[in-house]
Amino acid sequence: MWIETKTEVEKASRTRASFSRRVLNGLLLCIGDMEHLDKYMKDKSFVLQLVVCGLRAVTRVILANNPLSGGLILAALYWASPWQGLLGTLGVLASTLTAVITGQDSAEVAGGLHGFNGMLVSLLMGEFSSAGDWYWWLLLPVFLGSATCVFLFSGLSSFLDRWDLPAAVFPFNIIIILYLLCTGPEHPYFPHHSVKPPGALEPNATELIALQVIRGIPLGVGQIFACGDLGPSLLILGAVFLYSPLLAIHALLGSAVGTLTGLSMAVRHESLYSGLSGFNGALGCMTVGGLFFTFSLWTHLFAIASAFFSAYADIALSNLMGIVGLPASSWAATLVATLMLLLTGSLAAYRIPIGQVRAPERNLRSHSQWEAGNTEEGESTDV
Amino acid sequence: MWIETKTEVEKASRTRASFSRRVLNGLLLCIGDMEHLDKYMKDKSFVLQLVVCGLRAVTRVILANNPLSGGLILAALYWASPWQGLLGTLGVLASTLTAVITGQDSAEVAGGLHGFNGMLVSLLMGEFSSAGDWYWWLLLPVFLGSATCVFLFSGLSSFLDRWDLPAAVFPFNIIIILYLLCTGPEHPYFPHHSVKPPGALEPNATELIALQVIRGIPLGVGQIFACGDLGPSLLILGAVFLYSPLLAIHALLGSAVGTLTGLSMAVRHESLYSGLSGFNGALGCMTVGGLFFTFSLWTHLFAIASAFFSAYADIALSNLMGIVGLPASSWAATLVATLMLLLTGSLAAYRIPIGQVRAPERNLRSHSQWEAGNTEEGESTDV
Amino acid sequence: MWIETKTEVEKASRTRASFSRRVLNGLLLCIGDMEHLDKYMKDKSFVLQLVVCGLRAVTRVILANNPLSGGLILAALYWASPWQGLLGTLGVLASTLTAVITGQDSAEVAGGLHGFNGMLVSLLMGEFSSAGDWYWWLLLPVFLGSATCVFLFSGLSSFLDRWDLPAAVFPFNIIIILYLLCTGPEHPYFPHHSVKPPGALEPNATELIALQVIRGIPLGVGQIFACGDLGPSLLILGAVFLYSPLLAIHALLGSAVGTLTGLSMAVRHESLYSGLSGFNGALGCMTVGGLFFTFSLWTHLFAIASAFFSAYADIALSNLMGIVGLPASSWAATLVATLMLLLTGSLAAYRIPIGQVRAPERNLRSHSQWEAGNTEEGESTDV
């Protein structure tokens, strides 16, 4: 009799345990790369698949890969400006559909790799346009530019593949520069703002406000999506935190390093306040600190070095390109990240092959499993 | 008795058939790559070989490879301007001889691969010179520039060989920029015209003349040789048609796309009228539509996309380089073509290895033979 | 008895012979790459090893590799300006130590490969600074810039390794441009001189003084270290002569070619007098004439061609970068040298693999031994 009772008690406790475990599992399912979703999506309709891979693409911009984070980021963008949100959505769809039509690798498309450059191009086209919001003609260059990103991504990937390097946001950086060069501040159809270099002298400079500078640090994370409002920027940071806390910390750290760099080079106050000084540092820091390299103290130090280098290079490139009224976008961070991936020496030991990059926390686990038992290598890569 | 008569009749008809077949064969011998000529030339004198490979080099500029077309193009250039014709001839000879002296691969030299960059450099040096025709001192930079192209072609080929990419007209583009930078508008020995960017605002702009714009389309083909007259441009187009009708159609189509692009970006009227808006589109279209890819509907669509991309990139680069008074030459088309060759996805399936590129019509035949019987692959490559 | 006398005489003569041989050997030990030193240094203290590899790094700037030459060059720099000497020393130390800390290949570090870019960056930062000598804040960018060179050197080496190309002074050229772009002529912390392009017109030009032009030729060798005084420049030339007479001759020859090139393009007199016209030619000539290619008549002719090309390219790039107030440093020579290493044809036959490059005289000997007996290849590479 008591045996049965015991089993019932056990059952109940097991039920409770399994319930809390299920909640925990439910939560765990929402963080990281959410790879289980891919299996679940396989037999779903094309539109649903497109939505998921579009949301993944949205997070790829900030080096994450999680559809829920994507939803949060998209919400943040619509919150900051509905027109910008619309442009971003169209950019992702245009480039993802172009990738499908031109027959790109379906796993890459599903992973959102062909959408994030198009999204950035669209957002920046909207940001630089001086024709105001809801200027519908802008959709023409948005569609064309986003579609062209797929060509550049595919071609550059073939080129960089020899060194196991990603094409990253090179396509976006190239297309936005070409677009801004094609049109001009006085263009009859697509006029745009001219960019002021960060090193430009300010005739009547006021004193620096410390609080504004500190406010620029989270804004630096938002500026990755050309978003300059505090609320949406924090939401974007939260979306990154959902994917990987480690990545979110490095984003903030990198942005802080970028702001510090801006201070040391006495850039315009506007650059510091708006977060534009910080976003290259953030990207440079995120790339090294956990994403393409297994997290460790060494990697962390290199991530900070990478943030400094990205931020200084950004000031240099912004000053150069600002001469002809062009923005340096994320050229600096992309180039420095590429350099870091090529590095030999102690950092190279932590390098993760491009095809096996997951959320930093997963990378860490995989790595420790590799170290624990190199014999079960086949298994550990499956985990 | 009647049997003999029959055989005589048969003989006569056979003779007639063989005559018309011989005429047809004679015509067929003149189109395409004329590879049979190479066997015939083997035991001929060095001068004759030099002439043939020089004429091949002339056609290489416009992506063709046929000595007769080369003769026609050269005639067109002499027709447009004897001084330009002379410069072009000297450029081809200087670079081909440099290639022979520096011991470049003899098959490449015979195919005209080392001459076309030198020719372009010479033509453009003459075109940009503001010292007038028959300024004999110009022969010095013409010789030096053409000779240097061989070094660049050889070095870049080694570099790009890893991706099976051609050096194309990169050497020309590099040398002409270096030359124009070395000298300047006010240079005491080699003065040259400054280039006006296509996006420059026109103070007193007149209305666009539709006929002039349409006239700019065939001029776009001539502008590949820096030739801005209608008659010679049509002759050049005819020369391309002799090599391959498909290539000629794509040249015109690309030039039309380029003109359309120029209209959509509201470039200066002068750019549209002179054909300068069209020639990058033409080159971009020709590369993809049949030459480096087997012709098909897909390839054709990609060729149009490539023409658009080349033309837009040309406007962007022209605006950028025009700031410092430099021309964008064919940088846009060369970069876009290189990108197209790197592309993965559906286009890559049609890619022809660089070493096996022939006239589009031949590429098409080889391809269908491959598809018909993959077992006879060895034979089909011989055809 | 006489036998003993004879042996004594023999002994004495042998002693004398062995003495002079020992002196000769002692001298021979000081020239060339001094590889025997590496074995001797193995069990020495870290500081002593650092000194030797630092001195090697100093000579790497001018394509040599000999600690004694390094000492002479350092003396020349301190002679020209103690502040510049100090900056150079700190640059070498900063980048070498960074290489040690970031775990770069120890053989490369010992060979001085990680120090010479840092040294050049430091010297040029000092040279361009308009804050005067002994401006101690400059040590900050000197340290940071030198350290960053290690990252660039390591990353670029991985990239260029596919073609067996050296990273050469690309890192220096990149870092100095980034530094000058970050700061500016009016920068509050790190102001610097703006650079005047060599093609700039001189309003009241005086007649060219032949003696000054000739004096510019040895100065061109000194300008490789940003040193514009005759005495130190001659001492630097002497240091190169100690490493390899052949290299010293090519340095002078290349500088002369560069000066000739400057004359032919009518550059500013100041460029010719200061040796700035010559140093790219010198570097271009040294690379090909004996260092990366076995010395021969062919190589010698190609070295002269390389000097001409480097010098012309330098004028072009200086004119381009001078528009935005930047120097072309040694971009021209580095790019041309890289091109020469990629060349196919007759020059490629003389190419020495990067890992086996020694002093030109040694390269020559190894090569003739290879030719004499290809069977003893294993032995000859050891010699």
# chains A, B, ... in the order shown; residues from 1 in each chain; ligands from 1
call {"tool": "residues_around", "arguments": {"residues": "Leu55 in chain C", "least_positions_apart": "4", "cutoff": "7 Å", "atoms": "only C-alpha atoms", "output": "list in words"}}
result
Val51, Thr59, Pro67, Gly70 and Gly71 of chain C
call {"tool": "interface_residues", "arguments": {"of": "chain A", "to": "chain C", "cutoff": "9 Å", "atoms": "only C-alpha atoms", "output": "PyMOL selection string"}}
result
chain A and resi 162-163+199+201+264-266+309+312-320+323+338-347
call {"tool": "write_last_selection", "arguments": {"atoms": "N, CA, C and O atoms", "output": "CSV table (one decimal), in the first residue's frame"}}
result
chain,number,residue,atom,x,y,z
A,162,ARG,N,38.5,31.1,-48.9
A,162,ARG,CA,39.8,30.5,-48.9
A,162,ARG,C,40.5,30.6,-47.5
A,162,ARG,O,41.4,29.9,-47.2
A,163,TRP,N,40.1,31.6,-46.7
A,163,TRP,CA,40.7,31.8,-45.4
A,163,TRP,C,39.6,31.6,-44.3
A,163,TRP,O,39.8,31.9,-43.2
A,199,GLY,N,36.0,64.4,-36.8
A,199,GLY,CA,37.1,65.2,-36.4
A,199,GLY,C,36.9,66.7,-36.8
A,199,GLY,O,37.8,67.5,-36.5
A,201,LEU,N,36.1,70.5,-36.8
A,201,LEU,CA,36.2,71.5,-35.7
A,201,LEU,C,34.8,72.1,-35.5
A,201,LEU,O,34.1,72.4,-36.4
A,264,SER,N,39.3,60.4,-26.3
A,264,SER,CA,40.7,60.6,-26.4
A,264,SER,C,41.2,61.3,-27.7
A,264,SER,O,42.3,61.8,-27.7
A,265,MET,N,40.3,61.2,-28.7
A,265,MET,CA,40.7,61.9,-29.9
A,265,MET,C,39.9,63.2,-30.1
A,265,MET,O,39.9,63.8,-31.2
A,266,ALA,N,39.2,63.6,-29.1
A,266,ALA,CA,38.5,64.9,-29.1
A,266,ALA,C,37.5,65.0,-30.3
A,266,ALA,O,37.6,66.0,-31.0
A,309,PHE,N,40.8,49.1,-31.4
A,309,PHE,CA,41.3,49.3,-32.8
A,309,PHE,C,40.1,49.6,-33.7
A,309,PHE,O,40.3,50.6,-34.5
A,312,TYR,N,39.2,53.4,-33.1
A,312,TYR,CA,40.2,54.3,-33.7
A,312,TYR,C,40.2,54.3,-35.2
A,312,TYR,O,40.2,55.4,-35.9
A,313,ALA,N,40.1,53.1,-35.8
A,313,ALA,CA,40.0,53.0,-37.2
A,313,ALA,C,38.8,53.7,-37.8
A,313,ALA,O,38.8,54.3,-38.8
A,314,ASP,N,37.7,53.6,-37.0
A,314,ASP,CA,36.4,54.2,-37.4
A,314,ASP,C,36.6,55.8,-37.4
A,314,ASP,O,36.1,56.4,-38.4
A,315,ILE,N,37.3,56.3,-36.4
A,315,ILE,CA,37.5,57.8,-36.5
A,315,ILE,C,38.3,58.1,-37.7
A,315,ILE,O,38.0,59.1,-38.4
A,316,ALA,N,39.4,57.4,-38.0
A,316,ALA,CA,40.2,57.6,-39.1
A,316,ALA,C,39.4,57.6,-40.4
A,316,ALA,O,39.5,58.5,-41.2
A,317,LEU,N,38.7,56.5,-40.6
A,317,LEU,CA,37.9,56.3,-41.8
A,317,LEU,C,36.8,57.3,-42.0
A,317,LEU,O,36.6,57.8,-43.1
A,318,SER,N,36.2,57.7,-40.8
A,318,SER,CA,35.1,58.7,-40.9
A,318,SER,C,35.7,60.0,-41.3
A,318,SER,O,35.1,60.7,-42.1
A,319,ASN,N,36.9,60.3,-40.8
A,319,ASN,CA,37.5,61.6,-41.2
A,319,ASN,C,37.8,61.6,-42.7
A,319,ASN,O,37.7,62.6,-43.4
A,320,LEU,N,38.3,60.4,-43.2
A,320,LEU,CA,38.7,60.3,-44.6
A,320,LEU,C,37.5,60.4,-45.5
A,320,LEU,O,37.4,61.3,-46.4
A,323,ILE,N,35.4,63.7,-45.8
A,323,ILE,CA,35.9,64.7,-46.7
A,323,ILE,C,35.0,64.8,-48.0
A,323,ILE,O,34.7,65.9,-48.5
A,338,THR,N,37.8,41.0,-39.5
A,338,THR,CA,38.4,40.2,-40.4
A,338,THR,C,39.8,39.9,-40.1
A,338,THR,O,40.3,38.8,-40.2
A,339,LEU,N,40.5,41.0,-39.7
A,339,LEU,CA,41.9,40.9,-39.3
A,339,LEU,C,42.1,40.0,-38.2
A,339,LEU,O,43.0,39.1,-38.1
A,340,MET,N,41.2,40.1,-37.2
A,340,MET,CA,41.3,39.3,-35.9
A,340,MET,C,41.1,37.8,-36.3
A,340,MET,O,41.8,37.0,-35.7
A,341,LEU,N,40.3,37.5,-37.2
A,341,LEU,CA,40.0,36.1,-37.6
A,341,LEU,C,41.2,35.6,-38.3
A,341,LEU,O,41.4,34.3,-38.4
A,342,LEU,N,42.1,36.4,-38.9
A,342,LEU,CA,43.3,36.0,-39.6
A,342,LEU,C,44.5,35.8,-38.7
A,342,LEU,O,45.5,35.2,-39.1
A,343,LEU,N,44.3,36.4,-37.5
A,343,LEU,CA,45.5,36.4,-36.6
A,343,LEU,C,46.1,35.0,-36.3
A,343,LEU,O,45.3,34.1,-36.1
A,344,THR,N,47.4,35.0,-36.2
A,344,THR,CA,48.1,33.8,-35.7
A,344,THR,C,48.4,34.0,-34.3
A,344,THR,O,48.1,35.1,-33.7
A,345,GLY,N,49.1,33.1,-33.6
A,345,GLY,CA,49.5,33.3,-32.2
A,345,GLY,C,48.5,32.8,-31.3
A,345,GLY,O,47.6,31.9,-31.6
A,346,SER,N,48.5,33.3,-30.0
A,346,SER,CA,47.6,32.7,-29.0
A,346,SER,C,46.1,32.8,-29.3
A,346,SER,O,45.4,31.9,-28.9
A,347,LEU,N,45.7,33.9,-30.0
A,347,LEU,CA,44.3,34.0,-30.2
A,347,LEU,C,43.8,32.9,-31.2
A,347,LEU,O,42.6,32.4,-31.0
call {"tool": "closest_residue", "arguments": {"among": "C:Tyr78, C:Phe46, C:Thr15, C:Asn117", "to": "Val58 in chain C", "atoms": "only C-alpha atoms"}}
result
C:Asn117
call {"tool": "select_by_dssp", "arguments": {"residues": "range 103-293 of chain B", "states": "helix (DSSP H, G or I)", "output": "VMD selection string"}}
result
chain B and resid 106 to 110 116 to 128 136 to 163 170 to 182 210 to 225 230 to 243 245 to 264 269 to 274 279 to 291
call {"tool": "closest_residue", "arguments": {"among": "C:Ser255, C:Asn25, C:Ser296, C:Gln49", "to": "Leu276 in chain C", "atoms": "only C-alpha atoms"}}
result
C:Ser255
call {"tool": "residues_around", "arguments": {"residues": "Gly32 in chain B", "least_positions_apart": "3", "cutoff": "7 Å", "atoms": "only C-alpha atoms", "output": "VMD selection string"}}
result
chain B and resid 66 243 to 244 359
call {"tool": "atom_distance", "arguments": {"atom1": "CA of Ser95 in chain C", "atom2": "CA of Ser146 in chain C"}}
result
5.0 Å
call {"tool": "residues_around", "arguments": {"residues": "Val288 in chain A", "least_positions_apart": "3", "cutoff": "9 Å", "atoms": "only C-alpha atoms", "output": "list in words"}}
result
Leu283, Gly284, Cys285, Leu291, Phe292, Phe293, Thr294, Phe295, Thr299, His300, Phe302, Ala303, Ile304, Ser306, Ala307, Ala337, Met340 and Leu341 of chain A
call {"tool": "residues_around", "arguments": {"residues": "Ile249 in chain C", "least_positions_apart": "5", "cutoff": "10 Å", "atoms": "only C-alpha atoms", "output": "number ranges by chain"}}
result
C: 237, 240-241, 244, 254-255, 282, 285-286, 289
call {"tool": "atom_distance", "arguments": {"atom1": "CA of Gly26 in chain C", "atom2": "CA of Ala64 in chain C"}}
result
19.4 Å
call {"tool": "decode", "arguments": {"residues": "range 229-310 of chain C", "atoms": "C-alpha atoms", "output": "short mmCIF file (atom, residue, chain, number, x, y, z; two decimals), in the first residue's frame"}}
result
data_model
loop_
_atom_site.label_atom_id
_atom_site.label_comp_id
_atom_site.auth_asym_id
_atom_site.auth_seq_id
_atom_site.Cartn_x
_atom_site.Cartn_y
_atom_site.Cartn_z
CA ASP C 229 70.73 64.43 -43.10
CA LEU C 230 73.66 63.45 -45.30
CA GLY C 231 76.00 62.08 -42.62
CA PRO C 232 73.52 59.68 -41.00
CA SER C 233 72.25 58.67 -44.43
CA LEU C 234 75.76 57.66 -45.48
CA LEU C 235 76.17 55.75 -42.24
CA ILE C 236 72.91 53.90 -42.97
CA LEU C 237 74.21 53.11 -46.45
CA GLY C 238 77.41 51.82 -44.84
CA ALA C 239 75.35 49.60 -42.54
CA VAL C 240 73.61 48.11 -45.56
CA PHE C 241 77.01 47.62 -47.22
CA LEU C 242 78.15 45.66 -44.18
CA TYR C 243 75.16 43.33 -44.58
CA SER C 244 75.49 43.02 -48.34
CA PRO C 245 77.45 45.18 -50.81
CA LEU C 246 75.07 44.11 -53.58
CA LEU C 247 72.09 45.42 -51.65
CA ALA C 248 73.83 48.74 -50.95
CA ILE C 249 74.59 49.20 -54.65
CA HIS C 250 70.96 48.53 -55.55
CA ALA C 251 69.83 50.98 -52.87
CA LEU C 252 71.92 53.76 -54.41
CA LEU C 253 70.95 52.76 -57.94
CA GLY C 254 67.25 52.71 -57.05
CA SER C 255 67.48 56.10 -55.38
CA ALA C 256 69.16 57.48 -58.50
CA VAL C 257 66.39 56.01 -60.67
CA GLY C 258 63.81 57.58 -58.37
CA THR C 259 65.47 60.98 -58.66
CA LEU C 260 65.57 60.61 -62.46
CA THR C 261 61.87 59.75 -62.42
CA GLY C 262 61.15 62.81 -60.33
CA LEU C 263 63.02 64.96 -62.84
CA SER C 264 61.08 63.46 -65.76
CA MET C 265 57.79 64.31 -64.05
CA ALA C 266 58.92 67.78 -62.97
CA VAL C 267 58.16 67.28 -59.27
CA ARG C 268 58.80 69.99 -56.70
CA HIS C 269 62.49 70.73 -56.17
CA GLU C 270 62.08 70.09 -52.47
CA SER C 271 61.15 66.46 -53.22
CA LEU C 272 64.35 65.94 -55.19
CA TYR C 273 66.64 67.72 -52.73
CA SER C 274 65.33 65.93 -49.65
CA GLY C 275 65.63 62.45 -51.15
CA LEU C 276 61.88 61.84 -50.90
CA SER C 277 61.75 61.17 -54.64
CA GLY C 278 64.36 58.46 -54.29
CA PHE C 279 63.42 56.22 -51.39
CA ASN C 280 60.59 54.32 -53.06
CA GLY C 281 62.83 53.64 -56.03
CA ALA C 282 65.54 52.43 -53.65
CA LEU C 283 63.18 50.02 -51.90
CA GLY C 284 61.73 48.78 -55.20
CA CYS C 285 65.21 48.18 -56.59
CA MET C 286 66.54 46.39 -53.48
CA THR C 287 63.60 43.98 -53.30
CA VAL C 288 64.15 42.59 -56.77
CA GLY C 289 67.90 43.02 -57.16
CA GLY C 290 69.24 40.17 -55.13
CA LEU C 291 66.97 39.84 -52.12
CA PHE C 292 63.87 37.96 -53.22
CA PHE C 293 65.45 36.87 -56.52
CA THR C 294 68.84 35.31 -57.19
CA PHE C 295 71.15 37.97 -58.59
CA SER C 296 71.77 37.81 -62.34
CA LEU C 297 71.76 40.17 -65.30
CA TRP C 298 68.03 39.52 -65.80
CA THR C 299 67.25 40.20 -62.15
CA HIS C 300 69.34 43.36 -62.33
CA LEU C 301 67.34 44.65 -65.31
CA PHE C 302 64.07 43.80 -63.60
CA ALA C 303 65.33 45.59 -60.48
CA ILE C 304 65.83 48.76 -62.52
CA ALA C 305 62.35 48.36 -64.04
CA SER C 306 60.95 47.84 -60.56
CA ALA C 307 62.71 51.00 -59.34
CA PHE C 308 61.21 53.02 -62.19
CA PHE C 309 57.74 51.59 -61.59
CA SER C 310 57.97 52.20 -57.82
#
